[in-house]
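Containing mmCIF, C-alpha atoms: my_file-v3.cif.
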```
data_run
loop_
_atom_site.label_atom_id
_atom_site.label_comp_id
_atom_site.auth_asym_id
_atom_site.auth_seq_id
_atom_site.Cartn_x
_atom_site.Cartn_y
_atom_site.Cartn_z
CA MET A 1 35.95 32.64 85.87
CA LEU A 2 39.18 33.40 84.07
CA THR A 3 39.65 36.62 82.18
CA ALA A 4 41.95 37.62 79.36
CA PRO A 5 45.55 38.43 80.33
CA MET A 6 46.40 42.04 81.14
CA THR A 7 47.71 43.89 78.09
CA ALA A 8 50.39 45.68 80.12
CA TYR A 9 52.39 42.46 80.13
CA ALA A 10 54.09 40.82 77.17
CA ALA A 11 51.88 38.47 75.18
CA ASN A 12 52.92 34.88 74.50
CA GLU A 13 54.80 34.63 77.77
CA ILE A 14 54.23 32.71 81.00
CA VAL A 15 56.05 33.09 84.32
CA VAL A 16 56.28 29.94 86.45
CA TYR A 17 57.41 29.52 90.05
CA THR A 18 58.45 25.91 90.54
CA ALA A 19 59.81 23.78 93.38
CA ARG A 20 60.85 21.09 90.93
CA ASN A 21 64.51 20.86 89.94
CA GLU A 22 65.38 22.67 86.73
CA GLN A 23 66.61 19.50 85.00
CA LEU A 24 63.24 17.86 85.64
CA ILE A 25 61.02 20.70 84.48
CA LYS A 26 62.92 22.59 81.77
CA PRO A 27 62.43 19.89 79.09
CA LEU A 28 58.67 20.49 79.41
CA PHE A 29 59.05 24.25 79.13
CA ASP A 30 61.28 23.87 76.06
CA ALA A 31 58.85 21.42 74.42
CA TYR A 32 55.90 23.76 74.96
CA THR A 33 57.78 26.79 73.64
CA LYS A 34 58.85 24.85 70.56
CA GLU A 35 55.27 23.69 69.93
CA THR A 36 53.44 26.97 70.60
CA GLY A 37 55.95 29.80 70.47
CA THR A 38 55.00 30.84 74.02
CA ALA A 39 58.07 31.75 76.07
CA ILE A 40 58.28 30.45 79.64
CA LYS A 41 60.26 32.27 82.28
CA PHE A 42 60.73 30.40 85.54
CA ARG A 43 62.12 30.61 89.02
CA THR A 44 63.05 27.53 91.08
CA ASP A 45 63.23 27.43 94.87
CA LYS A 46 62.00 25.47 97.90
CA GLU A 47 58.24 25.12 98.30
CA GLY A 48 58.05 27.24 101.44
CA VAL A 49 60.13 30.02 99.93
CA LEU A 50 57.93 30.20 96.84
CA LEU A 51 54.70 30.26 98.86
CA GLN A 52 56.00 33.08 101.03
CA LYS A 53 57.19 34.96 97.95
CA LEU A 54 53.77 34.68 96.31
CA LYS A 55 52.11 35.82 99.53
CA ALA A 56 54.44 38.79 99.91
CA GLU A 57 54.17 39.86 96.26
CA GLY A 58 50.37 39.74 96.27
CA VAL A 59 48.79 41.45 93.29
CA ASN A 60 52.24 42.49 92.04
CA THR A 61 53.55 38.95 91.54
CA PRO A 62 54.90 38.20 88.07
CA ALA A 63 54.05 34.50 88.55
CA ASP A 64 51.24 32.99 86.48
CA MET A 65 51.64 29.40 87.64
CA LEU A 66 52.94 27.44 90.62
CA ILE A 67 54.36 23.95 90.07
CA THR A 68 55.32 21.98 93.16
CA VAL A 69 55.42 18.52 94.71
CA ASP A 70 53.06 16.90 97.21
CA ALA A 71 49.37 17.56 97.61
CA GLY A 72 50.10 18.98 101.06
CA ASN A 73 52.06 21.85 99.51
CA LEU A 74 49.44 22.42 96.80
CA TRP A 75 46.69 22.48 99.43
CA GLN A 76 48.71 24.98 101.45
CA ALA A 77 49.03 27.27 98.44
CA ALA A 78 45.27 27.13 97.87
CA ASN A 79 44.55 27.59 101.58
CA LEU A 80 46.70 30.73 101.63
CA GLY A 81 44.61 32.18 98.79
CA LEU A 82 47.49 32.04 96.30
CA LEU A 83 45.66 30.09 93.57
CA GLN A 84 42.45 30.51 91.61
CA PRO A 85 39.87 28.01 90.30
CA VAL A 86 40.15 26.84 86.71
CA GLN A 87 37.11 25.43 84.92
CA SER A 88 38.48 23.25 82.13
CA LYS A 89 36.89 20.23 80.47
CA THR A 90 40.34 19.17 79.23
CA LEU A 91 41.73 19.04 82.76
CA SER A 92 38.60 17.37 84.17
CA ASP A 93 38.74 14.73 81.43
CA ASN A 94 42.48 14.04 81.78
CA ILE A 95 43.10 14.22 85.54
CA PRO A 96 41.12 11.86 87.84
CA ALA A 97 39.03 13.54 90.53
CA HIS A 98 41.07 12.12 93.43
CA LEU A 99 44.25 13.68 92.01
CA ARG A 100 42.96 17.26 91.84
CA ASP A 101 41.57 19.89 94.15
CA PRO A 102 37.78 19.57 94.56
CA ALA A 103 37.58 23.33 93.93
CA ASN A 104 39.83 23.02 90.83
CA GLN A 105 42.54 25.30 92.25
CA TRP A 106 45.26 22.76 91.45
CA PHE A 107 45.71 19.60 89.41
CA GLY A 108 48.02 16.63 89.88
CA LEU A 109 50.30 16.11 86.88
CA SER A 110 52.38 13.12 87.94
CA VAL A 111 51.88 10.44 90.56
CA ARG A 112 54.30 8.91 93.03
CA ALA A 113 53.32 5.94 95.17
CA ARG A 114 54.65 5.78 98.74
CA THR A 115 55.12 2.07 99.08
CA ILE A 116 57.15 -0.67 100.72
CA VAL A 117 60.67 -1.61 99.62
CA TYR A 118 62.27 -4.73 101.07
CA ASN A 119 65.51 -6.72 101.03
CA LYS A 120 64.95 -9.75 98.77
CA ASN A 121 67.55 -11.77 100.68
CA LYS A 122 65.77 -11.34 103.99
CA VAL A 123 62.07 -11.00 103.23
CA LYS A 124 59.67 -13.05 101.15
CA PRO A 125 56.85 -11.09 99.49
CA GLY A 126 54.33 -13.35 101.23
CA GLU A 127 55.45 -11.96 104.60
CA LEU A 128 54.27 -8.49 103.59
CA SER A 129 50.68 -7.29 103.39
CA THR A 130 49.71 -3.78 104.56
CA TYR A 131 51.14 -0.54 105.89
CA GLU A 132 49.54 -1.36 109.24
CA ASP A 133 51.27 -4.74 109.38
CA LEU A 134 54.68 -3.05 109.54
CA GLY A 135 53.77 -2.55 113.21
CA ASN A 136 53.49 -6.30 113.73
CA PRO A 137 56.00 -7.58 116.33
CA LYS A 138 57.55 -9.80 113.62
CA TRP A 139 59.12 -6.62 112.18
CA LYS A 140 60.66 -5.49 115.49
CA GLY A 141 64.20 -4.26 114.81
CA ARG A 142 63.66 -4.77 111.07
CA LEU A 143 61.97 -1.50 109.99
CA CYS A 144 63.61 1.71 108.76
CA LEU A 145 61.66 4.92 108.20
CA ARG A 146 62.46 8.35 106.87
CA THR A 147 62.05 11.14 109.41
CA SER A 148 58.59 12.46 110.24
CA LYS A 149 59.84 15.92 109.22
CA THR A 150 59.42 15.11 105.52
CA VAL A 151 56.14 16.20 103.94
CA TYR A 152 55.91 12.78 102.25
CA ASN A 153 55.46 10.98 105.57
CA GLN A 154 53.26 13.75 106.92
CA SER A 155 50.99 13.26 103.90
CA LEU A 156 50.99 9.48 104.32
CA VAL A 157 49.93 9.78 107.96
CA ALA A 158 47.36 12.46 107.10
CA MET A 159 45.76 10.16 104.54
CA MET A 160 45.73 7.33 107.08
CA ILE A 161 43.97 9.60 109.58
CA HIS A 162 41.32 10.36 106.97
CA GLU A 163 40.88 6.66 106.21
CA TYR A 164 41.14 5.03 109.64
CA GLY A 165 40.50 7.85 112.08
CA GLU A 166 42.99 9.42 114.47
CA PRO A 167 42.97 6.82 117.31
CA LYS A 168 43.66 3.84 115.01
CA THR A 169 46.30 5.75 113.03
CA GLU A 170 48.04 6.71 116.26
CA GLN A 171 48.20 3.04 117.26
CA ILE A 172 49.68 2.14 113.84
CA ILE A 173 52.38 4.83 113.88
CA LYS A 174 53.24 4.01 117.49
CA SER A 175 53.72 0.37 116.50
CA TRP A 176 55.99 1.43 113.63
CA VAL A 177 58.16 3.44 116.01
CA ALA A 178 58.42 0.41 118.33
CA ASN A 179 59.78 -1.66 115.42
CA LEU A 180 62.47 0.76 114.22
CA ALA A 181 65.92 -0.73 113.71
CA THR A 182 67.58 2.71 113.57
CA PRO A 183 66.60 6.29 114.40
CA PRO A 184 64.55 7.87 111.57
CA ILE A 185 66.66 8.48 108.46
CA SER A 186 67.07 11.77 106.60
CA ASP A 187 65.90 10.69 103.15
CA ASP A 188 64.40 7.83 101.12
CA ALA A 189 67.65 6.93 99.34
CA ARG A 190 69.48 6.45 102.64
CA ALA A 191 66.59 4.41 104.02
CA MET A 192 66.87 2.03 101.06
CA ALA A 193 70.66 1.92 101.43
CA ALA A 194 70.14 0.81 105.03
CA VAL A 195 67.81 -1.96 103.85
CA ALA A 196 70.28 -3.07 101.19
CA ALA A 197 73.13 -3.08 103.75
CA GLY A 198 71.17 -5.26 106.18
CA GLN A 199 70.64 -2.61 108.87
CA CYS A 200 66.92 -3.25 108.46
CA ASP A 201 64.75 -5.36 106.16
CA VAL A 202 61.89 -3.08 105.07
CA THR A 203 61.17 0.61 104.58
CA VAL A 204 58.58 2.95 103.05
CA VAL A 205 59.64 5.22 100.18
CA ASN A 206 58.42 7.11 97.12
CA THR A 207 58.63 4.96 94.01
CA TYR A 208 60.79 7.36 92.02
CA TYR A 209 63.53 7.15 94.68
CA PHE A 210 63.52 3.38 94.14
CA GLY A 211 63.72 3.90 90.38
CA ARG A 212 66.62 6.33 90.62
CA LEU A 213 68.59 4.06 92.95
CA MET A 214 68.04 0.88 90.95
CA LYS A 215 68.99 2.64 87.73
CA LYS A 216 72.37 3.45 89.29
CA LYS A 217 72.81 0.19 91.21
CA PRO A 218 70.68 -2.53 89.59
CA ASP A 219 72.37 -5.31 91.59
CA LEU A 220 71.09 -4.14 94.97
CA PRO A 221 68.87 -6.80 96.61
CA LEU A 222 65.83 -4.51 96.71
CA ALA A 223 62.28 -4.95 95.46
CA ILE A 224 58.97 -3.10 95.59
CA PHE A 225 55.89 -4.45 97.34
CA TRP A 226 52.43 -2.96 96.80
CA PRO A 227 50.56 -2.99 100.15
CA ASN A 228 46.81 -2.95 100.87
CA GLN A 229 45.84 -4.69 97.63
CA ASP A 230 43.17 -7.12 98.87
CA THR A 231 39.65 -6.39 97.68
CA LYS A 232 38.56 -5.07 101.08
CA GLU A 233 41.60 -2.78 101.36
CA SER A 234 41.90 0.71 99.95
CA GLY A 235 45.13 0.45 97.95
CA VAL A 236 48.55 2.07 97.80
CA HIS A 237 48.98 5.60 99.14
CA VAL A 238 49.68 7.95 96.24
CA ASN A 239 50.61 11.59 96.05
CA VAL A 240 51.20 14.05 93.25
CA SER A 241 53.33 16.76 91.85
CA GLY A 242 51.03 19.32 90.32
CA ALA A 243 50.26 22.88 89.38
CA GLY A 244 47.80 25.72 89.75
CA ILE A 245 47.22 29.17 88.27
CA THR A 246 48.19 31.97 90.65
CA ARG A 247 45.42 34.24 91.93
CA HIS A 248 46.99 37.34 90.36
CA ALA A 249 48.25 35.78 87.11
CA LYS A 250 48.91 38.38 84.44
CA HIS A 251 48.80 35.81 81.61
CA GLN A 252 45.82 33.79 82.74
CA ALA A 253 44.62 32.54 79.38
CA GLU A 254 48.12 31.47 78.29
CA ALA A 255 48.80 29.84 81.67
CA VAL A 256 45.57 27.82 81.47
CA LYS A 257 46.49 26.63 77.98
CA PHE A 258 49.86 25.49 79.31
CA LEU A 259 48.26 23.73 82.28
CA GLU A 260 45.89 21.94 79.91
CA TRP A 261 48.82 20.96 77.70
CA LEU A 262 50.58 19.49 80.73
CA SER A 263 47.67 17.05 81.08
CA THR A 264 47.96 15.79 77.47
CA GLU A 265 49.62 12.53 76.49
CA LYS A 266 52.83 14.08 75.13
CA ALA A 267 53.41 16.22 78.20
CA GLN A 268 52.31 13.54 80.65
CA LYS A 269 54.95 11.18 79.32
CA LEU A 270 57.61 13.87 79.54
CA PHE A 271 56.51 14.97 83.00
CA ALA A 272 56.43 11.44 84.42
CA ASP A 273 59.29 9.75 82.58
CA VAL A 274 61.96 12.32 83.40
CA ASP A 275 61.69 11.49 87.13
CA MET A 276 60.39 7.90 86.87
CA GLU A 277 56.92 8.83 88.11
CA TYR A 278 53.48 7.70 86.95
CA PRO A 279 51.39 9.87 84.62
CA ALA A 280 48.41 11.40 86.41
CA SER A 281 46.27 10.71 83.36
CA PRO A 282 45.14 7.07 83.27
CA LYS A 283 45.12 7.34 79.47
CA VAL A 284 48.93 7.46 79.44
CA LYS A 285 51.14 4.47 80.13
CA PRO A 286 54.20 4.83 82.40
CA ASP A 287 57.75 4.43 81.21
CA ALA A 288 58.74 0.79 80.59
CA LEU A 289 61.13 0.79 83.58
CA VAL A 290 58.34 2.02 85.86
CA ALA A 291 55.77 -0.35 84.35
CA ALA A 292 58.11 -3.25 85.13
CA TRP A 293 57.40 -2.76 88.85
CA GLY A 294 53.92 -4.15 88.21
CA GLU A 295 50.40 -2.80 88.36
CA PHE A 296 48.76 -1.78 91.62
CA LYS A 297 45.50 -0.44 92.99
CA GLN A 298 45.68 3.21 94.05
CA ASN A 299 43.97 4.48 97.16
CA PRO A 300 41.02 6.46 95.69
CA LEU A 301 40.80 8.98 98.54
CA ASN A 302 41.26 12.55 97.36
CA VAL A 303 44.86 13.63 97.98
CA VAL A 304 43.64 17.03 99.20
CA LYS A 305 43.30 15.38 102.62
CA ALA A 306 47.10 15.22 102.77
CA GLY A 307 47.02 18.98 103.23
CA GLU A 308 43.83 19.38 105.24
CA LEU A 309 45.04 16.92 107.89
CA GLN A 310 48.75 17.74 107.78
CA THR A 311 48.82 19.62 111.09
CA THR A 312 46.89 16.81 112.77
CA ALA A 313 49.37 14.30 111.35
CA VAL A 314 52.39 16.26 112.61
CA LYS A 315 50.92 16.46 116.12
CA LEU A 316 50.12 12.74 116.09
CA MET A 317 53.67 11.80 115.06
CA ASP A 318 55.04 14.06 117.78
CA ARG A 319 52.83 12.36 120.40
CA VAL A 320 54.16 8.91 119.57
CA LYS A 321 57.74 10.23 119.49
CA TYR A 322 58.22 9.58 115.78
CA LYS A 323 61.13 11.97 115.19
#
```

Would you kindly transcribe this structure into structure tokens?
Amino acid sequence: MLTAPMTAYAANEIVVYTARNEQLIKPLFDAYTKETGTAIKFRTDKEGVLLQKLKAEGVNTPADMLITVDAGNLWQAANLGLLQPVQSKTLSDNIPAHLRDPANQWFGLSVRARTIVYNKNKVKPGELSTYEDLGNPKWKGRLCLRTSKTVYNQSLVAMMIHEYGEPKTEQIIKSWVANLATPPISDDARAMAAVAAGQCDVTVVNTYYFGRLMKKKPDLPLAIFWPNQDTKESGVHVNVSGAGITRHAKHQAEAVKFLEWLSTEKAQKLFADVDMEYPASPKVKPDALVAAWGEFKQNPLNVVKAGELQTTAVKLMDRVKYK
């Protein structure tokens, strides 16, 4: 259970470590401070750096909250003992069970779907169906993928292992590698650029990368396809950006209030809209530009598996020579 914040630290203040870019997260901090008067100090850095910093600081950490991307990173923070459980009816009511830690150590706050993007001049939507089908020989020399080194693909493969089992997933990823038109690409934006340029016809990316690119270059011949939507199929792979209260938070009560606020309608819209993501709360509608991509069925598997099976996923991708 949570206790009152230690009186040796300033009241009405929260310290946040965040792996999200300042321009994406500061509007939320400013809105909360304006609404409540609680000051928010923050430090931004890479996920791995922040986790190691929290581990090294231990009980002396000034951080009350960790905000980061990908359930794999959130799971890692919890697995390292850096977070603590939060019992909150507000969070349980606002954040669906599959988008939060079963032990309530972290909560998803925005959703990104990792889905298929295709070249409209070369592919008809009817040719597409599932993630697995991208290994079909008809896509040989037509598929681009981001490198296996990114946590987003590691999480995708981890979730597939949980759903299909390791042997079947290995067959699927091996078939993807056999269909690659180019060596794996460094990021989602470049993968889509390759599709638009005709180097390949299809790729798999996070939806917000698609949104960012199309906002800048709306004339590109790219479109989103939602895979695995038939009634017998599980749905689109989703992941989260989210937050948890640090194990040694000095402003626990204030940090929990802020975390709860982040799950409310006002904050959810801010959190999602600024980076063209989906609100984690199903009560909140996405931005009109995001909604225009169409509705889709989410895979209901708990995203915690993205972390639990991450090492297994990395080893699998290495075995099939997915670089």

I need the output of the PyMOL selection byres ((chain A and resi 177) around 9) for this file as a list of chain:residue names; which residues are they?
A:Gly135, A:Leu143, A:Leu145, A:Ile172, A:Ile173, A:Lys174, A:Ser175, A:Trp176, A:Ala178, A:Asn179, A:Leu180, A:Pro184, A:Val320, A:Lys321, A:Tyr322

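Once the PyMOL selection byres ((chain A and resi 200) around 10) is applied to this file, the selection holds Tyr118, Asn119, Lys122, Trp139, Lys140, Gly141, Arg142, Leu143, Cys144, Leu145, Leu180, Ala181, Thr182, Ala191, Met192, Ala193, Ala194, Val195, Ala196, Ala197, Gly198, Gln199, Asp201, Val202 and Thr203 of chain A.
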
Based on the selection just made, write C-alpha atoms of those residues as a compact mmCIF listing (two decimals), keeping the file's coordinate frame.
```
# COMPACT_ATOMS: atom_id res chain seq x y z
CA TYR A 118 62.27 -4.73 101.07
CA ASN A 119 65.51 -6.72 101.03
CA LYS A 122 65.77 -11.34 103.99
CA TRP A 139 59.12 -6.62 112.18
CA LYS A 140 60.66 -5.49 115.49
CA GLY A 141 64.20 -4.26 114.81
CA ARG A 142 63.66 -4.77 111.07
CA LEU A 143 61.97 -1.50 109.99
CA CYS A 144 63.61 1.71 108.76
CA LEU A 145 61.66 4.92 108.20
CA LEU A 180 62.47 0.76 114.22
CA ALA A 181 65.92 -0.73 113.71
CA THR A 182 67.58 2.71 113.57
CA ALA A 191 66.59 4.41 104.02
CA MET A 192 66.87 2.03 101.06
CA ALA A 193 70.66 1.92 101.43
CA ALA A 194 70.14 0.81 105.03
CA VAL A 195 67.81 -1.96 103.85
CA ALA A 196 70.28 -3.07 101.19
CA ALA A 197 73.13 -3.08 103.75
CA GLY A 198 71.17 -5.26 106.18
CA GLN A 199 70.64 -2.61 108.87
CA ASP A 201 64.75 -5.36 106.16
CA VAL A 202 61.89 -3.08 105.07
CA THR A 203 61.17 0.61 104.58
```

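Comparing the minimum interatomic distances between A:Glu170 and each of A:Val16, A:Lys55, A:Asn79, A:Asp318, counting all atoms listed in the file, we find that A:Asp318 sits nearest.
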
Apply the PyMOL selection byres ((chain A and resi 283) around 10) to the structure shown and report the selected residues as a PyMOL selection string.
chain A and resi 93-95+264-265+268+279-282+284-286

Show me a table, sorted first by chain and then by increasing residue number, of the residues of stretch 19-123 of chain A having an atom at most 12 Å from stretch 209-217 of chain A, each with its shortest atom pair and the distance in Å to one decimal, counting all atoms listed in the file and written as JSON lines.
```
{"residue": "A:Arg112", "atom": "CA", "partner": "A:Tyr209", "partner_atom": "CA", "distance": 9.5}
{"residue": "A:Ala113", "atom": "CA", "partner": "A:Tyr209", "partner_atom": "CA", "distance": 10.3}
{"residue": "A:Arg114", "atom": "CA", "partner": "A:Tyr209", "partner_atom": "CA", "distance": 9.9}
{"residue": "A:Thr115", "atom": "CA", "partner": "A:Phe210", "partner_atom": "CA", "distance": 9.8}
{"residue": "A:Ile116", "atom": "CA", "partner": "A:Phe210", "partner_atom": "CA", "distance": 10.0}
{"residue": "A:Val117", "atom": "CA", "partner": "A:Phe210", "partner_atom": "CA", "distance": 7.9}
{"residue": "A:Tyr118", "atom": "CA", "partner": "A:Phe210", "partner_atom": "CA", "distance": 10.7}
```

Which residue gives the smallest distance to A:Gly307 among A:Asp101, A:Glu35, A:Glu295, A:Glu132, with only C-alpha atoms counted?
A:Asp101

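Ranking A:Thr246, A:Gln105, A:Ser129, A:Thr68 by their shortest atom-to-atom distance to A:Val86, with all atoms listed in the file included, puts A:Gln105 first.
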
In the coordinate frame of the file, compute which residues have an atom within 6 Å of (53.4, 25.2, 100.7) when using only C-alpha atoms, and state them as a count of residues only.
6

May I have the residues at most 12 Å from (53.5, -12.3, 98.5) in the file's coordinates, counting all atoms listed in the file, as number ranges by chain?
A: 118, 120, 123-130, 223-230

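Take atom CA of A:Gly242 and atom CA of A:Val314: the distance between them is 22.5 Å.
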
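With distances restricted to all atoms listed in the file, A:Asn121 is the closest residue to A:Leu220 from A:Glu166, A:Asn121, A:Pro96, A:Leu74.
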
Choose the residue, out of A:Gln52, A:Ala243, A:Ser263, A:Trp293, that has the smallest atom-to-atom separation from A:Leu222; count all atoms listed in the file.
A:Trp293

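Interatomic distance, atom CA of A:Asp275 to atom CA of A:Tyr208: 6.5 Å.
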
Fewer than 3 positions away in the same chain doesn't count, so skip those; otherwise give me all residues within 8 Å of A:Leu99, counting all atoms listed in the file, as number ranges by chain.
A: 95-96, 107-108, 239-240, 280, 302-304

Between atom CA of A:Thr147 and atom CA of A:Val204, distance in Å (one decimal)
10.9 Å

Within 9 Å of A:Leu301 using only C-alpha atoms, minus same-chain residues under 2 positions, as a PyMOL selection string:
chain A and resi 98-99+159+162-163+234+237+298-299+303-305

Select, from A:Leu134, A:Leu156, A:Ile161, A:Met317, the residue with the minimum atom-to-atom distance to A:Asn206, counting all atoms listed in the file.
A:Leu156

Hey, can I get the axis-aligned box for stretch 66-77 of chain A? All listed atoms, 4 Å padding on each side, centre and edge lengths in Å to one decimal, as JSON.
```
{"center_x": 51.1, "center_y": 22.2, "center_z": 95.8, "size_x": 16.7, "size_y": 18.5, "size_z": 19.4}
```
